[in-house]
Each structure stands twice: as structure tokens, then as C-alpha cells.
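Below: one structure, written as C-alpha cells.
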Amino acid sequence: MEGLGPVAWPPEPIRTERLVLREPETRDRGTFIELLASPEVHTYLGGPRPRDELERETPEVPERWPGSFVVDLDGTMIGQILLRRATGHRRPAAAGKADLGYLFLPRAWGFGYAAEACAAALGWLADALPGEPVVLTTQTANVGSMRLAAKLGFTEVERFEAWGTEQWLGMRSPITPSEGRQVP
């Protein structure tokens, strides 16, 4: 995965009804470690990383690169949105396209924060890179992620086997910024 290319970064914080999407800061380091060490968060992502390893390897300001947004609720990080270029993707349909990823703390699950934050990040991308299609990959067993993909307007491109389980690849058609709707 690589950066998105020619985008102005960092953008002004993106505000939704309840959340702020912003660039990572030093104060977020502990939450990044918590996200990466969480067995619940990484159930469908190959398992958690050891906390002691993360403590040693995580920089003072983690994940500071174009396309990495902290999801902030009332001044506290609850998750991360990732938008990257899928240059090394295993599936030809996804290669080179913008790829959406997200991680949220278990205590933030079930409140619609992921849908709200992802929709805001996708809106930012539509303005920053007009006409850019976006892909999303998840395990079919991850029911919550499959529901979120549908809610965000991703449609199935294919299913495939990887890492010992069935994966789902979806694509979201580009949005025209002036009209705020998806292009057929």
C-alpha cells in the first residue's frame, strides 16, 4: 500500500455531527497501541500484535501520513480511518485504486461511528481526488464490516480465498463532488 498521491495534506479537521477526523498527534500513541494489540479488533485481521513490541516500535506520533485519519469523539481517539493506494493488492480489480480501511476500539462499536467517519473520509477523498473509485476488502465472516460496506455503497466485485478464509472485495463508484452523488 502506498500514499494517495497528489493530495493536500493535512486537511483541515473534518467535522461530522459527532466526530472529528484529524491528523494523528502525540496524545494518540496509547490508543494506536491499544487498537493494534486488541484481540477483538484483530479477530479478522490476522490477530493482535504483542503490546511490548508495539510499545518499542510505535513512534511518538504514529501513522502520520496522507490518508491516515484519527477518529476523535469528544477529544478522545476512538478509531482510525485509512485511505491508501492499493498498489500491491492481490486482486487485479483493486490494484492501483484507493483502498478504505478502518479500525475502531470495541467500546466504540455499535453506535454508527464507523459509518459516520468512513462517509466523511470518502467525502473528503471525492473532493481531493475527483472521480477516484474506492475499494474495500474484508472477510465475509466479518458481518459488521460487510454491513458497513453495503451502507457506504460498496458493491461486490469478487470473493476470493486468502489467509485461510473467504475474503470479499467491494468497490464504490466515484462521487461527483458538485452533485454529491455516485457516478453510475
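Letters A, B, ... mark the chains of the C-alpha cells in the order given; residue numbers begin at 1 per chain; ligand numbers begin at 1, in order shown.
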
* May I have all residues of region 48-152 of chain A that DSSP, computed from the backbone, assigns to strand (DSSP E), given as JSON, numbers by chain? => {"A": [68, 69, 70, 71, 72, 73, 76, 77, 78, 79, 80, 81, 82, 83, 84, 85, 98, 99, 100, 101, 102, 103, 104, 134, 135, 136, 137, 138, 139]}

Closest atom pairs, residues of region 58-103 of chain A within 12 Å of region 154-161 of chain A, only C-alpha atoms, as a Markdown table:
| residue | atom | partner | partner_atom | distance |
| --- | --- | --- | --- | --- |
| A:Arg90 | CA | A:Phe160 | CA | 10.0 |
| A:Arg91 | CA | A:Phe160 | CA | 8.8 |
| A:Pro92 | CA | A:Glu158 | CA | 10.6 |
| A:Ala93 | CA | A:Val157 | CA | 7.6 |
| A:Ala94 | CA | A:Val157 | CA | 9.2 |
| A:Asp99 | CA | A:Phe154 | CA | 11.6 |
| A:Leu100 | CA | A:Phe154 | CA | 10.6 |

Keeping only N, CA and C atoms, write those residues as a short mmCIF file (atom, residue, chain, number, x, y, z; two decimals), in the first residue's frame.
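Wrote selection.cif, looks like this:
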data_model
loop_
_atom_site.label_atom_id
_atom_site.label_comp_id
_atom_site.auth_asym_id
_atom_site.auth_seq_id
_atom_site.Cartn_x
_atom_site.Cartn_y
_atom_site.Cartn_z
N ARG A 90 -3.55 -8.01 -4.02
CA ARG A 90 -3.54 -9.35 -4.62
C ARG A 90 -4.53 -9.49 -5.77
N ARG A 91 -5.56 -8.66 -5.78
CA ARG A 91 -6.63 -8.79 -6.76
C ARG A 91 -6.49 -7.71 -7.83
N PRO A 92 -6.45 -8.08 -9.10
CA PRO A 92 -6.29 -7.10 -10.19
C PRO A 92 -7.36 -6.00 -10.18
N ALA A 93 -8.59 -6.32 -9.79
CA ALA A 93 -9.66 -5.32 -9.78
C ALA A 93 -9.39 -4.19 -8.80
N ALA A 94 -8.56 -4.44 -7.79
CA ALA A 94 -8.28 -3.43 -6.77
C ALA A 94 -6.97 -2.69 -7.01
N ASP A 99 -7.93 2.56 -1.39
CA ASP A 99 -8.38 1.46 -0.56
C ASP A 99 -8.79 2.02 0.80
N LEU A 100 -10.00 1.72 1.25
CA LEU A 100 -10.51 2.18 2.54
C LEU A 100 -10.31 1.10 3.59
#

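In terms of minimum interatomic distance to Glu34 (chain A), A:Arg107 ranks closest within A:Arg107, A:Arg64, A:Arg85, A:Arg18, counting only C-alpha atoms.
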
* **Test item, helix (DSSP H, G or I) assignment across chain A, answer as a ChimeraX atom specification** => /A:26-37,51-57,106-108,113-128,143-151

Grab the residues selected above and save them as a short mmCIF file (atom, residue, chain, number, x, y, z; two decimals), in the first residue's frame with N, CA and C atoms.
data_model
loop_
_atom_site.label_atom_id
_atom_site.label_comp_id
_atom_site.auth_asym_id
_atom_site.auth_seq_id
_atom_site.Cartn_x
_atom_site.Cartn_y
_atom_site.Cartn_z
N THR A 26 0.64 13.23 19.11
CA THR A 26 1.36 12.50 20.16
C THR A 26 0.41 11.86 21.16
N ARG A 27 -0.64 12.57 21.54
CA ARG A 27 -1.59 12.07 22.56
C ARG A 27 -2.33 10.80 22.12
N ASP A 28 -2.26 10.45 20.82
CA ASP A 28 -2.96 9.28 20.30
C ASP A 28 -2.15 7.99 20.37
N ARG A 29 -0.89 8.09 20.74
CA ARG A 29 0.00 6.93 20.70
C ARG A 29 -0.56 5.74 21.48
N GLY A 30 -1.01 5.97 22.69
CA GLY A 30 -1.55 4.89 23.52
C GLY A 30 -2.76 4.21 22.89
N THR A 31 -3.61 4.98 22.23
CA THR A 31 -4.79 4.40 21.59
C THR A 31 -4.39 3.59 20.36
N PHE A 32 -3.39 4.07 19.61
CA PHE A 32 -2.91 3.27 18.48
C PHE A 32 -2.39 1.92 18.98
N ILE A 33 -1.64 1.93 20.05
CA ILE A 33 -1.13 0.67 20.62
C ILE A 33 -2.29 -0.22 21.05
N GLU A 34 -3.29 0.37 21.71
CA GLU A 34 -4.46 -0.38 22.14
C GLU A 34 -5.18 -1.01 20.93
N LEU A 35 -5.35 -0.26 19.85
CA LEU A 35 -6.00 -0.78 18.64
C LEU A 35 -5.24 -1.97 18.06
N LEU A 36 -3.93 -1.82 17.95
CA LEU A 36 -3.11 -2.86 17.31
C LEU A 36 -2.91 -4.09 18.20
N ALA A 37 -3.05 -3.92 19.52
CA ALA A 37 -2.87 -5.04 20.45
C ALA A 37 -4.19 -5.73 20.81
N ARG A 51 1.82 -6.31 22.76
CA ARG A 51 1.86 -4.95 23.29
C ARG A 51 3.29 -4.47 23.53
N ASP A 52 4.15 -5.33 24.09
CA ASP A 52 5.52 -4.89 24.37
C ASP A 52 6.27 -4.53 23.09
N GLU A 53 6.01 -5.27 22.02
CA GLU A 53 6.61 -4.98 20.71
C GLU A 53 6.10 -3.63 20.19
N LEU A 54 4.80 -3.40 20.32
CA LEU A 54 4.21 -2.14 19.88
C LEU A 54 4.76 -0.96 20.68
N GLU A 55 4.93 -1.14 21.98
CA GLU A 55 5.48 -0.07 22.83
C GLU A 55 6.87 0.33 22.35
N ARG A 56 7.66 -0.64 21.95
CA ARG A 56 9.02 -0.35 21.48
C ARG A 56 9.04 0.28 20.09
N GLU A 57 8.15 -0.18 19.20
CA GLU A 57 8.22 0.20 17.79
C GLU A 57 7.36 1.38 17.38
N PRO A 106 -13.25 -1.50 20.56
CA PRO A 106 -14.50 -2.23 20.81
C PRO A 106 -15.55 -1.40 21.57
N ARG A 107 -15.12 -0.52 22.46
CA ARG A 107 -16.08 0.29 23.21
C ARG A 107 -16.82 1.30 22.32
N ALA A 108 -16.33 1.50 21.08
CA ALA A 108 -16.97 2.43 20.14
C ALA A 108 -17.85 1.69 19.11
N TYR A 113 -20.47 5.06 14.61
CA TYR A 113 -19.31 5.93 14.42
C TYR A 113 -18.52 5.56 13.17
N ALA A 114 -18.37 4.27 12.89
CA ALA A 114 -17.60 3.84 11.72
C ALA A 114 -18.26 4.33 10.44
N ALA A 115 -19.57 4.19 10.34
CA ALA A 115 -20.28 4.65 9.14
C ALA A 115 -20.14 6.16 8.98
N GLU A 116 -20.30 6.90 10.07
CA GLU A 116 -20.20 8.35 10.03
C GLU A 116 -18.79 8.81 9.63
N ALA A 117 -17.79 8.19 10.22
CA ALA A 117 -16.40 8.56 9.95
C ALA A 117 -15.98 8.16 8.53
N CYS A 118 -16.33 6.95 8.12
CA CYS A 118 -15.97 6.50 6.77
C CYS A 118 -16.65 7.35 5.71
N ALA A 119 -17.92 7.69 5.90
CA ALA A 119 -18.62 8.54 4.94
C ALA A 119 -17.94 9.90 4.83
N ALA A 120 -17.50 10.46 5.95
CA ALA A 120 -16.82 11.75 5.93
C ALA A 120 -15.48 11.64 5.21
N ALA A 121 -14.73 10.58 5.46
CA ALA A 121 -13.44 10.38 4.79
C ALA A 121 -13.63 10.18 3.29
N LEU A 122 -14.65 9.44 2.91
CA LEU A 122 -14.93 9.23 1.49
C LEU A 122 -15.36 10.54 0.82
N GLY A 123 -16.08 11.38 1.54
CA GLY A 123 -16.44 12.70 1.02
C GLY A 123 -15.21 13.56 0.80
N TRP A 124 -14.28 13.52 1.76
CA TRP A 124 -13.01 14.25 1.60
C TRP A 124 -12.26 13.76 0.37
N LEU A 125 -12.19 12.43 0.19
CA LEU A 125 -11.48 11.87 -0.95
C LEU A 125 -12.12 12.29 -2.27
N ALA A 126 -13.45 12.33 -2.30
CA ALA A 126 -14.16 12.73 -3.52
C ALA A 126 -13.80 14.17 -3.91
N ASP A 127 -13.58 15.02 -2.93
CA ASP A 127 -13.17 16.40 -3.20
C ASP A 127 -11.69 16.47 -3.56
N ALA A 128 -10.86 15.69 -2.87
CA ALA A 128 -9.41 15.74 -3.08
C ALA A 128 -8.98 15.07 -4.39
N VAL A 143 -19.32 -9.87 9.76
CA VAL A 143 -20.67 -9.41 9.45
C VAL A 143 -20.79 -7.89 9.59
N GLY A 144 -20.21 -7.32 10.64
CA GLY A 144 -20.28 -5.88 10.85
C GLY A 144 -19.63 -5.11 9.71
N SER A 145 -18.48 -5.56 9.27
CA SER A 145 -17.77 -4.90 8.18
C SER A 145 -18.53 -5.06 6.86
N MET A 146 -19.14 -6.20 6.66
CA MET A 146 -19.94 -6.41 5.45
C MET A 146 -21.15 -5.46 5.44
N ARG A 147 -21.80 -5.28 6.59
CA ARG A 147 -22.93 -4.35 6.69
C ARG A 147 -22.49 -2.92 6.42
N LEU A 148 -21.33 -2.54 6.99
CA LEU A 148 -20.81 -1.20 6.79
C LEU A 148 -20.49 -0.95 5.32
N ALA A 149 -19.87 -1.92 4.66
CA ALA A 149 -19.55 -1.78 3.24
C ALA A 149 -20.82 -1.51 2.42
N ALA A 150 -21.88 -2.24 2.70
CA ALA A 150 -23.15 -2.05 1.98
C ALA A 150 -23.72 -0.67 2.28
N LYS A 151 -23.69 -0.27 3.53
CA LYS A 151 -24.22 1.04 3.93
C LYS A 151 -23.47 2.18 3.24
#

* Asked: Out of A:Pro10, A:Gly5, A:Pro24, A:Gly67, which residue has the shortest atom-to-atom distance to Gly79 (chain A) when counting only C-alpha atoms?
  ->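 Between A:Pro10, A:Gly5, A:Pro24, A:Gly67, the residue approaching Gly79 (chain A) most closely is A:Pro24.
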